[in-house]
Amino acid sequence: MAVRMLTFRRYDAVIADLEFEDWQCTRGVDVVRAARRRGGDAVVVLLTSAGDVAPQALAAGADFVVRKPMPLDVLADLILDTSIQRRRASGAGAPPLRPRAARSRQSPLT
């Protein structure tokens with residue numbers, strides 16, 4: 001369903017959960033590929049408890065592969081920071097900053 005939705009609409013951020021379809025392929029990586037085919041500068045995050053898929057997801061175009069469980073404030077900061085960097089790099093300026101909560105000490109990246 002997510003792959004199909006990505007063909008009809010553009011999103012600012014795409015967060016996909018890794019789901020094993022079989023031993024050869026993952027649905028989460030398929031969502032990453034679909035988001036990149038659509039174009040645009042969406043921040044693409046793959047959530048997983050299996051760190052061994054990180055290289056495959058990053059090669060498919062994910063910006064981040066993060067381990068579950070993930071504190072929502074840390075995930076929001078990753079997405080916001082990446083969006084701001086992309087907007088600045090494109091010359092579009094940055095959106096207004098929101099106050100940051102205390103960051104979690106948990107490392108989100110695999």
# chains A, B, ... in the order shown; residues from 1 in each chain; ligands from 1
>>> residues_around(residues="Gln56 of chain A", least_positions_apart="6", cutoff="12 Å", atoms="only C-alpha atoms", output="PyMOL selection string")
chain A and resi 18+24-30+32-33+46+50+62-65
>>> select_by_dssp(residues="segment 8-90 of chain A", states="strand (DSSP E or B)", output="list of chain:residue names")
A:Ala13, A:Val14, A:Ile15, A:Ala16, A:Asp17, A:Phe20, A:Thr26, A:Val43, A:Val44, A:Val45, A:Leu46, A:Leu47, A:Thr48, A:Phe64, A:Val65, A:Val66, A:Arg67
>>> write_last_selection(atoms="N, CA, C and O atoms", output="compact mmCIF listing (two decimals), in the first residue's frame")
# COMPACT_ATOMS: atom_id res chain seq x y z
N ALA A 13 8.50 13.58 4.17
CA ALA A 13 9.25 12.53 4.88
C ALA A 13 8.53 11.20 4.68
O ALA A 13 7.31 11.15 4.63
N VAL A 14 9.33 10.16 4.55
CA VAL A 14 8.80 8.80 4.42
C VAL A 14 9.50 7.96 5.48
O VAL A 14 10.72 7.88 5.52
N ILE A 15 8.69 7.36 6.35
CA ILE A 15 9.20 6.50 7.40
C ILE A 15 8.63 5.12 7.17
O ILE A 15 7.42 4.93 7.17
N ALA A 16 9.51 4.16 6.91
CA ALA A 16 9.06 2.80 6.63
C ALA A 16 9.62 1.85 7.67
O ALA A 16 10.76 1.98 8.11
N ASP A 17 8.80 0.90 8.05
CA ASP A 17 9.23 -0.14 8.97
C ASP A 17 9.68 -1.33 8.13
O ASP A 17 9.02 -1.70 7.16
N PHE A 20 9.98 -8.27 6.84
CA PHE A 20 10.55 -9.34 6.02
C PHE A 20 9.44 -10.03 5.25
O PHE A 20 8.48 -10.51 5.81
N THR A 26 12.94 -7.36 1.32
CA THR A 26 12.28 -6.68 2.42
C THR A 26 11.32 -5.64 1.87
O THR A 26 11.64 -4.93 0.92
N VAL A 43 12.83 13.14 3.10
CA VAL A 43 13.73 12.46 4.02
C VAL A 43 13.17 11.05 4.17
O VAL A 43 12.01 10.87 4.51
N VAL A 44 14.01 10.05 3.90
CA VAL A 44 13.55 8.66 3.92
C VAL A 44 14.26 7.93 5.05
O VAL A 44 15.49 7.85 5.08
N VAL A 45 13.46 7.39 5.98
CA VAL A 45 13.97 6.70 7.16
C VAL A 45 13.41 5.28 7.19
O VAL A 45 12.22 5.08 7.00
N LEU A 46 14.28 4.32 7.41
CA LEU A 46 13.84 2.93 7.56
C LEU A 46 14.07 2.52 9.01
O LEU A 46 15.17 2.65 9.53
N LEU A 47 13.01 2.06 9.67
CA LEU A 47 13.09 1.57 11.04
C LEU A 47 13.28 0.06 11.01
O LEU A 47 12.61 -0.63 10.25
N THR A 48 14.17 -0.45 11.86
CA THR A 48 14.45 -1.88 11.84
C THR A 48 14.98 -2.35 13.18
O THR A 48 15.54 -1.58 13.94
N PHE A 64 18.48 7.44 6.47
CA PHE A 64 18.84 6.86 7.76
C PHE A 64 18.24 5.47 7.90
O PHE A 64 17.14 5.23 7.40
N VAL A 65 18.94 4.61 8.58
CA VAL A 65 18.39 3.34 9.04
C VAL A 65 18.54 3.38 10.55
O VAL A 65 19.65 3.51 11.06
N VAL A 66 17.42 3.35 11.25
CA VAL A 66 17.46 3.50 12.70
C VAL A 66 16.88 2.25 13.37
O VAL A 66 16.01 1.58 12.83
N ARG A 67 17.41 1.98 14.53
CA ARG A 67 16.98 0.80 15.29
C ARG A 67 15.74 1.11 16.11
O ARG A 67 15.60 2.19 16.66
>>> atom_distance(atom1="atom CA of Asp41 of chain A", atom2="atom CA of Arg87 of chain A")
9.0 Å
>>> residues_around(residues="Gly40 of chain A", least_positions_apart="4", cutoff="10 Å", atoms="only C-alpha atoms", output="ChimeraX atom specification")
/A:10-12,35-36
>>> residues_around(residues="Phe8 of chain A", least_positions_apart="5", cutoff="12 Å", atoms="only C-alpha atoms", output="PyMOL selection string")
chain A and resi 1-3+34-35+37-39
>>> write_last_selection(atoms="C-alpha atoms", output="PDB file, in the first residue's frame")
ATOM      1  CA  MET A   1       0.000   0.000   0.000  1.00  0.00           C
ATOM      2  CA  ALA A   2       2.823   2.428   0.873  1.00  0.00           C
ATOM      3  CA  VAL A   3       4.571   1.830  -2.450  1.00  0.00           C
ATOM      4  CA  ALA A  34       9.614   3.823  -4.419  1.00  0.00           C
ATOM      5  CA  ALA A  35      10.206   7.071  -2.514  1.00  0.00           C
ATOM      6  CA  ARG A  37      11.734   6.901  -7.838  1.00  0.00           C
ATOM      7  CA  ARG A  38       9.126   9.551  -7.098  1.00  0.00           C
ATOM      8  CA  GLY A  39      11.835  12.163  -6.877  1.00  0.00           C
TER       9      GLY A  39
END
>>> closest_residue(among="A:Ala42, A:Gly61, A:Pro69, A:Asp52", to="Ile84 of chain A", atoms="only C-alpha atoms")
A:Ala42
>>> select_by_dssp(residues="segment 27-80 of chain A", states="alpha helix (DSSP H)", output="list in words")
Arg27, Gly28, Val29, Asp30, Val31, Val32, Arg33, Ala34, Ala35, Arg36, Arg37, Arg38, Ala54, Pro55, Gln56, Ala57, Leu58, Ala59, Ala60, Leu72, Asp73, Val74, Leu75, Ala76, Asp77, Leu78, Ile79 and Leu80 of chain A
